[in-house]
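Right, one structure below, let's go through it.
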Amino acid sequence: MEILTPTFLSDAMRLALVVLASRTPEATGVVEIRVRELGRWLGLSESYVSSVVLPGLRQAGAVRTATIPGEFGEDRALRCEVVALWNAHGVVGHPLALQRKEFATLQRLCEALFAPGWEHRDGTVTPPGLLGSRTGRGAATDRLALLRLTLEATETGRVRLCGGSVPARRGRLAATVARLLGCSPSGGERVLYRLETAGVVERVRLATKSGLSHRSRLVIPAVAAAHKARAGASGKTLRSAQSSDPSDPDATAGASGAAQPRKERQLNAVPVDQDGRNSDPDVTAGLHTDHPSVVPVVFPPTVELGFSGKAAFDTGALPERAGVREDNPIDPLEGPRPPLSGTSGSPLRGEQPSDFVPSDSRTDLGEPTSAARRLQIVSREKQQQRGRVPRPPKDLEVVLGPVSTLWARLDRQGARDRVVAAARSELELLSRVTGPQRAPRALAERLYWRLDEQDGPAHVNDPVGWLISRGLPRRTSCSDVRCDDGVRLDTRESCGTCDYLVADRRALRGRIVADVDAQLPGIGGAERQRAVEERLREETDRAAGRAALRRQRAEKERAERQQLLEERRARAEQERLTEQAAALARETAPCEDCGTADAGGLCGTCGEKRAIELVSRRAVTIVSAACADPADADDVCTTAAAAEDALRQSIQAAQEDLRQRAGTIEVSEHALALAGRLAAEATAAKLRSSALESLASTASAELEAQAAYSATMRSWRRYGTRACARQAAREAGEQARERAVRHLLALRTGVLQGTLPAEVLQAGAVVAPYAVGAARARTALRGARSA
């Protein structure tokens, strides 16, 4: 079971997943259970389940829970969703997409193994399961181990042992239990000991002729007893059926009579032989790797036409020789299949084929076993070839099996290629609805019923046209892609959309009949029928007119949307071409300063020169604002001139140094401009640093630093010691000083540029918004006049 595979969960959590899954309703996928009741199933206390198991499942994302409130607002129970089952619901082919009968089987298995038992209101008592009374430490692990062992057990109750090398000290039985639980061999040995002590499993040690013990095997007596009881009942039914018709030759091959099962305790119903005479693969051969479980023992059904010596019914023909049908055997587990040619005789006797008569009705489509019996498909054996027509491709053998007679008539390679392409296309469409595993069988059933409607392959004149146009395509009268002839492809049930359409038509006819009876009372039967048909024809014409009008409107809307889409595409293409032309024009434009061609509007040399001017202007502004009084024009001019002179000297020095290092090599103008820009940036950084240092020594910056230092020292206890507090206070003071310097530099720059009034530099002054706006307006007018 896939639900038991998450080994990162504890044993209690995995067992809780199984219990919740077994009690989940198939219709809703949500189970309502009390925490106390879940604890009784696990053999654990209510507090442990609520504090460990459920939180672990929620944290792992395996279960979603919600509280169900009671009448007075209390927590009455839990509403749980097993995430794996919820995600698999409705997914075709998923191993956890269980049906209702599979949920019921899982619940009955869990009840038989570890149900806690109940006392009903009428006084009756339901006894607990095999481990239902086991509680306390390790109870959940024992329950989970018994469940895994039961799933691995055969009909005889024996558990398949693991292969490979195992610890010699623990043994293969303990290693098998450990691998099932995902624990160590020592833990598996302890679990096996507890299960053996509880009497639910038995360790049988086979004895040899010398009296020494040989290999061990693990047996679950309850499983063996259950299968023995079922086998006894099946044998009794088979013997009664054979005795009723002694003339049937198949009756002689039936199972031998078995004694009635004795009414004993379930755990002691199957005695285990100690002499080793029972069929034991561990005794006859050495240990080897694991293999799949053996096929369950079933009684062979009475198969009609199942062997070569029996003739068909109502033919009067002699039995055919042995080995006639060995090239095309019939699987006895699938039962009889109808012949594809529709003949009652044999083609080996030269009989002409008769009409195709199907043996089943369309109502058997819902059963997979009946569909397997209807289709004569043997993909495991090599079928005889008819003429020189090759067999269908391997991926289409199951699909084209019902129409093998038509395939044999395709003597041209082009015709076969067309049929193969159509079949694969339809198979791909069908796989999206039913899944890849179910799609070949579903398409084969469709071909079978299409051929049945055609009255057999003898009535098909054009095999290629019939297969492509009638046999393979899906037929539906509704808009549901899962519908085929009124049957759902995924569930094999009636299509709800088609049922709605049929109900609407019936309602329309009933309404028209009622109107005719009300408007024309006493009219005869033939006249009444003609009147009803005339009304139906009129109503159908009106409905067709409305449908045609809707189609016209939809076509008009589609044309308008298509035209709008084309216009948008054309507009986007035009914009792209315009942008591309503009980009090309920008790339080929000459330089604005020196006129160099194909410079993209600005060459490299002119760009460096503009960068030098920009850096110089910013540096002069910062130095003038920080080192001079913004209200004193002479001081500002003197400081700005000094800064410009320093920048100019640094640029000239850098360019001269570059020429000296180049020697006799001629230095390009672009290289000189680049060296000047780098020197200007370095000098501007130094000037900015010195300007900020001068502002940091002002009274306002010092006042801010002292205030931050004092505020930090007032809460020095947060830092543990006074030394740590002083260090933090000094850092806070420096940060406050830096913020004050930046703020002061911004104010001085604003006053210098005329965007702020000079009053903002006074300590504690409140600046009026009107003064700020007027200063900004004057600056804008000054810039416009200069331009």
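Ligands are numbered from 1 in the order shown, residues from 1 within each chain, and chains are lettered A, B, ... in the order they appear in the structure tokens.
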
Practice task
Find the spatial neighbours of Ser22 (chain A), counting only C-alpha atoms, within a cut-off of 7 Å - ignore same-chain residues fewer than 6 positions away - and output them as JSON, numbers by chain.
Solution key: {"A": [103, 106, 107]}

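Here CA of Glu681 (chain A) and CA of Ala640 (chain A) stand 16.5 Å from one another.
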
Practice task
Per DSSP on the backbone, filter region 37-173 of chain A down to the residues in helix (DSSP H, G or I) and report them as a ChimeraX atom specification.
Solution key: /A:37-42,46-60,83-88,100-114,139-152,172-173

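Non-sequential neighbours of region 507-519 of chain A (distance at most 12 Å, separation of 5 or more positions within a chain, only C-alpha atoms) are Tyr500, Leu501, Val502, Gly524, Gly525, Glu527, Arg528, Gln529, Arg530, Ala531, Val532, Glu533, Glu534, Arg535, Leu536, Arg537, Glu538, Glu539, Thr540 and Ala543 of chain A.
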
Keeping only N, CA, C and O atoms, take the residues you just selected and write them out as a compact mmCIF listing (two decimals), in the first residue's frame.
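The file below, out_25.txt, is the result:
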```
# COMPACT_ATOMS: atom_id res chain seq x y z
N TYR A 500 -29.58 15.04 -20.08
CA TYR A 500 -30.26 16.33 -19.99
C TYR A 500 -30.89 16.70 -21.33
O TYR A 500 -32.05 17.19 -21.38
N LEU A 501 -30.16 16.47 -22.42
CA LEU A 501 -30.71 16.79 -23.74
C LEU A 501 -31.93 15.94 -24.05
O LEU A 501 -32.95 16.44 -24.57
N VAL A 502 -31.85 14.65 -23.73
CA VAL A 502 -33.00 13.76 -23.96
C VAL A 502 -34.19 14.19 -23.11
O VAL A 502 -35.35 14.20 -23.56
N GLY A 524 -58.93 13.02 -33.61
CA GLY A 524 -58.60 11.62 -33.79
C GLY A 524 -57.13 11.34 -33.57
O GLY A 524 -56.29 12.25 -33.46
N GLY A 525 -56.77 10.03 -33.54
CA GLY A 525 -55.39 9.64 -33.26
C GLY A 525 -54.45 10.05 -34.37
O GLY A 525 -53.38 10.62 -34.11
N GLU A 527 -54.91 12.35 -36.79
CA GLU A 527 -54.85 13.81 -36.89
C GLU A 527 -54.07 14.40 -35.71
O GLU A 527 -53.32 15.37 -35.86
N ARG A 528 -54.27 13.81 -34.54
CA ARG A 528 -53.53 14.29 -33.36
C ARG A 528 -52.03 14.09 -33.55
O ARG A 528 -51.23 14.98 -33.22
N GLN A 529 -51.66 12.94 -34.11
CA GLN A 529 -50.24 12.68 -34.33
C GLN A 529 -49.67 13.65 -35.35
O GLN A 529 -48.54 14.16 -35.19
N ARG A 530 -50.44 13.93 -36.44
CA ARG A 530 -49.95 14.88 -37.43
C ARG A 530 -49.81 16.29 -36.85
O ARG A 530 -48.86 17.01 -37.15
N ALA A 531 -50.77 16.67 -36.00
CA ALA A 531 -50.69 17.99 -35.39
C ALA A 531 -49.47 18.10 -34.46
O ALA A 531 -48.76 19.12 -34.45
N VAL A 532 -49.25 17.03 -33.71
CA VAL A 532 -48.08 17.04 -32.81
C VAL A 532 -46.79 17.11 -33.61
O VAL A 532 -45.86 17.88 -33.28
N GLU A 533 -46.70 16.33 -34.68
CA GLU A 533 -45.49 16.34 -35.50
C GLU A 533 -45.28 17.71 -36.15
O GLU A 533 -44.15 18.19 -36.27
N GLU A 534 -46.39 18.34 -36.60
CA GLU A 534 -46.28 19.66 -37.20
C GLU A 534 -45.79 20.68 -36.18
O GLU A 534 -44.92 21.52 -36.49
N ARG A 535 -46.33 20.62 -34.96
CA ARG A 535 -45.85 21.54 -33.92
C ARG A 535 -44.37 21.28 -33.60
O ARG A 535 -43.60 22.23 -33.39
N LEU A 536 -44.01 20.00 -33.52
CA LEU A 536 -42.61 19.68 -33.25
C LEU A 536 -41.70 20.20 -34.36
O LEU A 536 -40.61 20.72 -34.09
N ARG A 537 -42.16 20.09 -35.62
CA ARG A 537 -41.36 20.58 -36.73
C ARG A 537 -41.21 22.10 -36.66
O ARG A 537 -40.12 22.65 -36.87
N GLU A 538 -42.30 22.78 -36.32
CA GLU A 538 -42.22 24.23 -36.20
C GLU A 538 -41.28 24.64 -35.06
O GLU A 538 -40.47 25.57 -35.21
N GLU A 539 -41.42 23.96 -33.95
CA GLU A 539 -40.55 24.29 -32.81
C GLU A 539 -39.08 23.99 -33.14
O GLU A 539 -38.18 24.76 -32.77
N THR A 540 -38.86 22.91 -33.85
CA THR A 540 -37.49 22.57 -34.25
C THR A 540 -36.94 23.62 -35.20
O THR A 540 -35.76 24.01 -35.12
N ALA A 543 -36.06 26.64 -33.19
CA ALA A 543 -34.82 26.42 -32.45
C ALA A 543 -33.61 26.45 -33.37
O ALA A 543 -32.55 27.00 -33.02
```

Practice task
Using only C-alpha atoms, find the one residue out of A:Thr24, A:Asp504, A:Leu9, A:Val18 that sits nearest to Arg58 (chain A).
Solution key: A:Leu9

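The smallest atom-to-atom distance between Pro630 (chain A) and any of A:Arg648, A:Arg718, A:Arg748, A:Arg726, using only C-alpha atoms, is found for A:Arg748.
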
Problem - 10 Å contact set for Leu687 (chain A), only C-alpha atoms, chain neighbours under 4 positions out, as a PyMOL selection string - result: chain A and resi 619-620+622-623+643+646-647+681-683+691-693

Exercise for the section: List the neighbours of Leu147 (chain A) out to 8 Å using only C-alpha atoms; skip same-chain residues closer than 3 positions along the sequence, and give me the result as a ChimeraX atom specification. Expected result: /A:110,113,143-144,150-151

With N, CA and C atoms retained, could you export that selection as a compact mmCIF listing (two decimals), in the first residue's frame?
```
# COMPACT_ATOMS: atom_id res chain seq x y z
N CYS A 110 -9.04 -4.05 8.48
CA CYS A 110 -8.59 -3.38 9.69
C CYS A 110 -9.42 -3.79 10.90
N LEU A 113 -8.31 -7.16 12.13
CA LEU A 113 -6.97 -7.23 12.71
C LEU A 113 -6.87 -6.50 14.04
N ARG A 143 0.29 -3.43 15.68
CA ARG A 143 -0.83 -3.40 14.73
C ARG A 143 -0.34 -3.20 13.29
N LEU A 144 0.60 -2.26 13.13
CA LEU A 144 1.12 -1.99 11.79
C LEU A 144 1.88 -3.19 11.25
N THR A 150 0.00 -9.38 7.02
CA THR A 150 -1.22 -9.92 6.41
C THR A 150 -1.26 -9.61 4.92
N LEU A 151 -0.84 -8.40 4.56
CA LEU A 151 -0.82 -8.05 3.14
C LEU A 151 0.21 -8.86 2.36
```

Fill in the blank from the handout: CA of Gln413 (chain A) sits from CA of Leu427 (chain A) at a separation of 20.7 Å

Practice task
One decimal, Å: what's the distance from CA of Tyr48 (chain A) over to CA of His120 (chain A), could you say?
Solution key: 26.5 Å

Report as a PDB file with C-alpha atoms, in the first residue's frame all protein, DNA and RNA residues lying within 9 Å of Cys603 (chain A), evaluated on only C-alpha atoms, omitting residues in the same chain fewer than 5 positions from it.
```pdb
ATOM      1  CA  PRO A 590      26.961  63.075 -35.155  1.00  0.00           C
ATOM      2  CA  CYS A 591      28.409  64.411 -31.916  1.00  0.00           C
ATOM      3  CA  GLU A 592      26.645  67.505 -30.604  1.00  0.00           C
ATOM      4  CA  ASP A 593      29.864  69.177 -29.451  1.00  0.00           C
ATOM      5  CA  CYS A 594      32.544  68.333 -32.010  1.00  0.00           C
ATOM      6  CA  GLY A 595      30.442  67.030 -34.916  1.00  0.00           C
ATOM      7  CA  THR A 596      32.111  63.591 -35.212  1.00  0.00           C
ATOM      8  CA  ALA A 597      30.048  61.339 -37.498  1.00  0.00           C
ATOM      9  CA  ASP A 598      28.330  58.144 -36.243  1.00  0.00           C
ATOM     10  CA  GLU A 608      34.501  62.830 -20.714  1.00  0.00           C
TER      11      GLU A 608
END
```

Practice task
Can you work out which one of A:Ala740, A:Leu206, A:Ala139, A:Ala685 has the shortest atom-to-atom distance to Leu15 (chain A), counting only C-alpha atoms?
Solution key: A:Ala139

Exercise for the section: Go through A:Cys183, A:Leu396, A:Ala222, A:Arg134 and flag the residue nearest Ala198 (chain A), using only C-alpha atoms for the distances. Expected result: A:Arg134

Practice task
Would you mind listing what lies within 10 Å of Val200 (chain A) as a PyMOL selection string, with only C-alpha atoms counted and same-chain residues fewer than 3 positions away left out?
Solution key: chain A and resi 113+130-131+146+192+194-197+219-223+266-267

Keeping only C-alpha atoms, write those residues as a CSV table (one decimal), in the first residue's frame.
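The file below, again-v4.csv, is the result:
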```csv
chain,number,residue,atom,x,y,z
A,113,LEU,CA,-7.0,-7.2,12.7
A,130,LEU,CA,-6.9,-9.9,16.8
A,131,LEU,CA,-4.9,-7.1,18.5
A,146,LEU,CA,0.4,-7.4,11.6
A,192,LEU,CA,7.9,-10.6,16.2
A,194,ARG,CA,5.2,-9.7,20.9
A,195,LEU,CA,3.1,-10.9,18.0
A,196,GLU,CA,4.0,-14.5,18.7
A,197,THR,CA,3.2,-14.0,22.4
A,219,VAL,CA,2.6,-18.2,9.4
A,220,ILE,CA,-0.5,-16.2,10.2
A,221,PRO,CA,-3.2,-18.8,11.2
A,222,ALA,CA,-6.1,-16.3,10.8
A,223,VAL,CA,-5.3,-15.7,7.1
A,266,GLN,CA,-9.6,-19.0,13.9
A,267,LEU,CA,-6.1,-19.1,15.1
```

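Minimum atom-to-atom distances from A:Cys483, A:Leu410, A:Glu445, A:Ala696 to Arg742 (chain A) were compared using only C-alpha atoms, and the lowest value belongs to A:Ala696.
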